[in-house]
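Colleague: The file below is query_2.cif, mmCIF, C-alpha atoms:
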data_upload
#
loop_
_atom_site.label_atom_id
_atom_site.label_comp_id
_atom_site.auth_asym_id
_atom_site.auth_seq_id
_atom_site.Cartn_x
_atom_site.Cartn_y
_atom_site.Cartn_z
CA MET U 266 136.06 -94.11 68.48
CA LEU U 267 133.17 -92.49 70.40
CA PRO U 268 134.32 -92.93 74.02
CA LEU U 269 137.53 -91.02 73.31
CA LEU U 270 135.79 -88.25 71.34
CA LEU U 271 133.06 -87.84 73.96
CA LYS U 272 135.73 -87.53 76.64
CA TYR U 273 136.79 -84.23 75.10
CA PHE U 274 133.68 -83.25 73.12
CA PRO U 275 130.78 -84.32 75.36
CA GLU U 276 128.38 -81.98 73.56
CA LEU U 277 128.48 -83.98 70.30
CA SER U 278 124.98 -84.38 68.91
CA PRO U 279 123.64 -87.89 68.12
CA GLU U 280 123.96 -87.10 64.39
CA ARG U 281 127.62 -86.13 64.75
CA GLN U 282 128.30 -89.17 66.91
CA ALA U 283 126.84 -91.43 64.22
CA ARG U 284 128.92 -89.73 61.54
CA PHE U 285 132.14 -90.15 63.51
CA GLU U 286 131.36 -93.83 64.01
CA ARG U 287 130.68 -94.18 60.31
CA PHE U 288 133.86 -92.28 59.50
CA GLY U 289 135.90 -94.89 61.35
CA GLU U 290 134.36 -97.67 59.27
CA VAL U 291 134.63 -95.86 55.93
CA PHE U 292 138.19 -94.67 56.53
CA ALA U 293 139.39 -98.14 57.49
CA ALA U 294 137.84 -99.61 54.35
CA TRP U 295 139.49 -97.04 52.08
CA ASN U 296 142.79 -97.30 53.92
CA ALA U 297 142.94 -100.98 53.03
CA GLN U 298 142.77 -99.98 49.36
CA VAL U 299 144.77 -96.76 49.15
CA ASN U 300 146.99 -96.73 52.27
CA LEU U 301 145.94 -93.31 53.53
CA VAL U 302 147.79 -93.85 56.82
CA SER U 303 150.15 -96.66 57.77
CA ARG U 304 148.42 -100.02 58.24
CA LYS U 305 149.88 -100.18 61.74
CA ASP U 306 148.59 -96.72 62.63
CA ILE U 307 144.98 -97.53 61.67
CA GLU U 308 144.66 -99.19 65.09
CA HIS U 309 145.10 -95.73 66.62
CA LEU U 310 142.78 -93.90 64.22
CA ALA U 311 140.64 -92.30 66.95
CA GLU U 312 143.54 -90.87 68.96
CA ARG U 313 146.29 -90.15 66.46
CA HIS U 314 144.17 -88.97 63.56
CA VAL U 315 140.59 -87.99 64.46
CA LEU U 316 141.25 -86.46 67.89
CA HIS U 317 144.47 -84.93 66.57
CA ALA U 318 142.49 -83.28 63.76
CA LEU U 319 139.97 -81.99 66.30
CA GLY U 320 142.80 -80.34 68.22
CA ILE U 321 142.13 -77.36 65.96
CA ALA U 322 138.63 -77.18 67.48
CA LYS U 323 140.19 -76.73 70.93
CA VAL U 324 141.95 -73.61 69.67
CA ILE U 325 139.07 -72.10 67.69
CA ALA U 326 135.34 -72.76 67.38
CA PHE U 327 134.62 -71.89 63.75
CA LYS U 328 131.60 -69.64 63.35
CA PRO U 329 128.86 -70.62 60.87
CA GLY U 330 129.75 -69.59 57.33
CA THR U 331 133.53 -69.86 57.84
CA ARG U 332 135.40 -71.12 54.75
CA ILE U 333 138.30 -73.48 55.34
CA VAL U 334 140.75 -75.20 52.96
CA ASP U 335 142.83 -78.23 53.96
CA VAL U 336 146.08 -78.11 51.98
CA GLY U 337 147.70 -81.51 51.45
CA THR U 338 144.61 -83.22 52.83
CA GLY U 339 145.92 -86.71 52.00
CA GLY U 340 143.32 -89.08 53.39
CA GLY U 341 141.01 -86.28 54.48
CA LEU U 342 142.75 -85.31 57.71
CA PRO U 343 142.07 -82.92 59.35
CA LEU U 344 139.44 -82.10 56.71
CA LEU U 345 136.72 -84.69 57.35
CA PRO U 346 136.63 -84.76 61.17
CA LEU U 347 136.36 -80.97 61.24
CA ALA U 348 133.68 -81.00 58.53
CA ILE U 349 131.66 -83.43 60.66
CA LEU U 350 132.09 -81.24 63.75
CA TYR U 351 131.18 -77.99 61.95
CA PRO U 352 128.33 -78.71 59.48
CA GLU U 353 127.55 -74.99 59.11
CA CYS U 354 131.03 -74.22 57.76
CA THR U 355 132.35 -74.89 54.26
CA PHE U 356 135.41 -77.10 53.80
CA HIS U 357 137.52 -77.84 50.74
CA GLY U 358 140.42 -80.31 50.59
CA ILE U 359 143.21 -80.09 48.03
CA ASP U 360 146.06 -82.48 47.33
CA GLY U 361 148.36 -83.30 44.43
CA ILE U 362 147.86 -87.08 44.69
CA GLY U 363 144.87 -88.11 42.63
CA LYS U 364 144.15 -91.50 44.23
CA LYS U 365 143.95 -89.94 47.69
CA VAL U 366 141.67 -87.15 46.48
CA ARG U 367 139.37 -89.70 44.86
CA ALA U 368 139.26 -91.65 48.12
CA VAL U 369 138.31 -88.48 50.00
CA GLN U 370 135.62 -87.66 47.43
CA GLU U 371 134.15 -91.13 47.86
CA MET U 372 134.24 -90.86 51.65
CA ILE U 373 132.40 -87.53 51.45
CA VAL U 374 129.60 -89.26 49.53
CA GLU U 375 129.51 -92.29 51.84
CA LEU U 376 129.34 -90.04 54.90
CA GLY U 377 126.62 -87.87 53.39
CA LEU U 378 128.57 -84.67 54.00
CA GLU U 379 127.19 -81.69 52.10
CA ASN U 380 129.58 -79.04 53.42
CA VAL U 381 132.85 -80.42 52.07
CA THR U 382 134.49 -80.96 48.67
CA ALA U 383 137.89 -82.19 47.49
CA GLU U 384 140.02 -81.45 44.44
CA GLN U 385 143.32 -82.56 42.95
CA VAL U 386 145.34 -79.36 42.67
CA ARG U 387 148.57 -77.96 44.09
CA SER U 388 148.22 -75.07 46.52
CA GLU U 389 150.37 -72.85 44.27
CA ASP U 390 147.86 -73.32 41.45
CA HIS U 391 144.74 -72.84 43.56
CA ARG U 392 143.20 -69.38 43.48
CA SER U 393 140.13 -69.42 45.76
CA LYS U 394 140.10 -67.43 49.01
CA TYR U 395 139.34 -68.79 52.47
CA ASP U 396 139.18 -67.65 56.07
CA PHE U 397 141.59 -70.36 57.20
CA VAL U 398 144.13 -72.71 55.70
CA ILE U 399 144.47 -75.89 57.76
CA SER U 400 147.00 -78.67 57.38
CA ARG U 401 148.83 -81.42 59.18
CA ALA U 402 152.63 -81.19 58.91
CA VAL U 403 153.07 -81.48 55.16
CA THR U 404 156.33 -79.47 55.12
CA ARG U 405 158.38 -76.97 57.13
CA LEU U 406 156.47 -73.89 58.25
CA PRO U 407 158.28 -71.24 56.15
CA GLU U 408 157.77 -73.27 52.96
CA PHE U 409 154.14 -73.92 53.82
CA VAL U 410 153.43 -70.25 54.47
CA ARG U 411 154.95 -69.28 51.12
CA ALA U 412 152.88 -71.90 49.29
CA THR U 413 149.53 -71.09 50.91
CA LYS U 414 149.50 -67.47 52.10
CA HIS U 415 147.70 -66.34 48.93
CA LEU U 416 144.70 -68.51 49.81
CA VAL U 417 143.78 -66.51 52.93
CA LYS U 418 141.49 -63.50 52.68
CA PRO U 419 142.26 -60.69 55.16
CA GLY U 420 140.31 -59.87 58.28
CA GLY U 421 137.76 -62.32 59.54
CA THR U 422 134.88 -62.66 62.00
CA ASN U 423 136.13 -65.56 64.14
CA ASP U 424 137.79 -65.21 67.53
CA LEU U 425 141.15 -65.78 65.82
CA ARG U 426 142.20 -63.61 62.89
CA ASN U 427 142.08 -65.26 59.44
CA GLY U 428 145.25 -67.20 58.71
CA ILE U 429 146.88 -70.62 58.86
CA LEU U 430 146.20 -73.31 61.47
CA TYR U 431 148.95 -75.91 61.26
CA LEU U 432 149.12 -79.18 63.18
CA LYS U 433 152.73 -80.07 63.92
CA GLY U 434 154.88 -81.75 66.59
CA GLY U 435 158.32 -81.37 68.08
CA ASP U 436 160.50 -78.31 68.62
CA LEU U 437 159.40 -75.60 66.21
CA ALA U 438 161.84 -72.86 67.22
CA ASP U 439 164.00 -73.16 64.09
CA GLU U 440 160.92 -73.12 61.83
CA VAL U 441 159.21 -70.19 63.53
CA MET U 442 162.31 -67.99 63.70
CA PRO U 443 162.46 -67.10 59.96
CA LEU U 444 158.78 -66.17 59.80
CA ARG U 445 157.96 -62.50 59.58
CA GLU U 446 154.31 -63.29 60.21
CA ARG U 447 152.67 -63.30 63.65
CA VAL U 448 152.82 -66.77 65.20
CA GLN U 449 150.96 -68.21 68.16
CA VAL U 450 151.70 -71.79 69.28
CA TYR U 451 149.09 -73.78 71.21
CA GLU U 452 150.19 -76.94 73.05
CA LEU U 453 147.69 -79.77 72.55
CA ALA U 454 148.88 -81.30 75.84
CA ALA U 455 146.89 -78.51 77.50
CA PHE U 456 143.70 -80.05 76.09
CA PHE U 457 144.39 -83.78 75.72
CA GLU U 458 146.01 -85.96 78.39
CA GLU U 459 147.11 -88.86 76.15
CA GLU U 460 150.90 -89.22 75.80
CA PHE U 461 150.66 -88.92 72.00
CA PHE U 462 149.88 -85.21 72.40
CA ALA U 463 152.87 -84.39 74.64
CA THR U 464 154.73 -82.62 71.82
CA LYS U 465 151.83 -81.88 69.44
CA LYS U 466 150.87 -78.31 68.67
CA VAL U 467 148.50 -76.10 66.69
CA VAL U 468 150.35 -73.17 65.16
CA HIS U 469 148.29 -70.09 64.23
CA ILE U 470 149.99 -67.86 61.65
CA THR U 471 148.61 -64.55 60.51
CA TRP U 472 149.85 -61.23 59.12
#
The structure given in the file should be rewritten as structure tokens.
Modeller:
Amino acid sequence: MLPLLLKYFPELSPERQARFERFGEVFAAWNAQVNLVSRKDIEHLAERHVLHALGIAKVIAFKPGTRIVDVGTGGGLPLLPLAILYPECTFHGIDGIGKKVRAVQEMIVELGLENVTAEQVRSEDHRSKYDFVISRAVTRLPEFVRATKHLVKPGGTNDLRNGILYLKGGDLADEVMPLRERVQVYELAAFFEEEFFATKKVVHITW
């Protein structure tokens, strides 16, 4: 886990390094019980899940006090890696699948994270406001925007305007075209040299 993360985030403090190491252990243990990611994919946890989640951090460095919600957090990705990286920000994960939310809640306790919470609720029924909605390819972009736009408060103090930060791969032209919102696509291949990231992107959507 650590060699790959330090390759791209060499400034990680010893405390964050220890938490990422612990995350790998805790996630693998819970994955054996709940199947948060495919059993085959767990071998690539550092690259395909943790580093992928941290791709958002290559696009924006969240300022202290920023509030972020991970919609469809599943097994806590990208929620937990970003919460470890940004301890001065507040994170909340929501998902409709109770067993996954309970696994995330337990991982939060085991990792000793005090800046992150998780809740079983659908985005359409959630009413809190955040600076950013984050997610990892839970549905097509137009549907996701419709289901989550109400969670974003206007304005913002970060280098990017408040909005949605969506991790997705492949050709997004057909999904971006119907959007009336402003869209900026960042290629993760510009930050990470591993082949996995060749088609991976962070999409920033605002209005």
Colleague: Identify which of the residues U:Lys365, U:Arg304, U:Lys418, U:His317 lies closest to Thr464 (chain U), counting only C-alpha atoms when measuring atom-to-atom distances.
Modeller: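 Residue with the minimum atom-to-atom distance to Thr464 (chain U): U:His317.
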Colleague: Residues near Phe274 (chain U), anyone? I mean within 12 Å using only C-alpha atoms, not counting same-chain ones fewer than 6 positions away, as a list in words.
Modeller: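 Listing them by chain and then by number gives Leu267, Pro268, Arg281, Gln282, Phe285, Leu316, Leu319, Gly320, Ala322, Lys323, Leu350, Phe456 and Phe457 of chain U.
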Colleague: Enumerate, as a PyMOL selection string, the residues matched when the PyMOL selection byres ((chain U and resi 405-410) around 12) is run on the file above.
Modeller: chain U and resi 336-337+387-389+398-404+411-417+428-448+467-472
Colleague: One decimal, in Å: what's the spacing between CA of Lys272 (chain U) and CA of Met372 (chain U)?
Modeller: 25.3 Å
Colleague: CA of Lys466 (chain U) and CA of Glu452 (chain U), how far apart in Å?
Modeller: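 Between CA of Glu452 (chain U) and CA of Lys466 (chain U) the gap is 4.6 Å.
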Colleague: Between U:Asp360, U:Gln449, U:Val315, U:Ile349, which one has atoms that come closest to Gly377 (chain U), using all atoms listed in the file?
Modeller: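 When distances to Gly377 (chain U) are compared using all atoms listed in the file, the smallest one comes from U:Ile349.
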Colleague: Find, counting all atoms listed in the file, the residue in U:Asp306, U:Glu375, U:Phe397, U:Thr422 that gets nearest to Phe356 (chain U).
Modeller: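 Between U:Asp306, U:Glu375, U:Phe397, U:Thr422, the residue approaching Phe356 (chain U) most closely is U:Phe397.
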Colleague: With all atoms listed in the file as the atoms that count, which of U:Val302, U:Glu353, U:Pro346, U:Asp396 lies nearest to Arg426 (chain U)?
Modeller: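 Ranking U:Val302, U:Glu353, U:Pro346, U:Asp396 by distance to Arg426 (chain U), first place goes to U:Asp396.
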Colleague: Check the smallest atom-to-atom distance from each of U:Leu425, U:Ala318, U:Val299, U:Ala311 to Leu345 (chain U) using all atoms listed in the file, then report the winner.
Modeller: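 Among U:Leu425, U:Ala318, U:Val299, U:Ala311, it is U:Ala318 that comes nearest to Leu345 (chain U).
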Colleague: Can you work out which one of U:Arg367, U:Arg313, U:His357, U:Arg284 has the shortest atom-to-atom distance to Val334 (chain U), counting all atoms listed in the file?
Modeller: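 Closest to Val334 (chain U), using all atoms listed in the file: U:His357.
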Colleague: Can you list, as a PyMOL selection string, every protein, DNA or RNA residue that comes within 7 Å of Gln385 (chain U) when you count all atoms listed in the file, leaving out same-chain residues fewer than 6 positions away?
Modeller: chain U and resi 359-363+366
Colleague: Which residues match the PyMOL selection byres ((chain U and resi 290) around 12) in the file above, as a ChimeraX atom specification?
Modeller: /U:266,283-289,291-297,307-308,310-311,372,375-376
Colleague: Using CA of Lys364 (chain U) and CA of Val386 (chain U) as the two end points, give the distance in Å to one decimal.
Modeller: 12.3 Å
Colleague: Around all the atoms of region 442-456 of chain U listed in the file, draw an axis-aligned box and extend it by 4 Å on each of the six sides; I want its centre and edge lengths in Å to one decimal, as JSON.
Modeller:
{"center_x": 153.1, "center_y": -71.9, "center_z": 68.5, "size_x": 26.8, "size_y": 26.8, "size_z": 25.9}
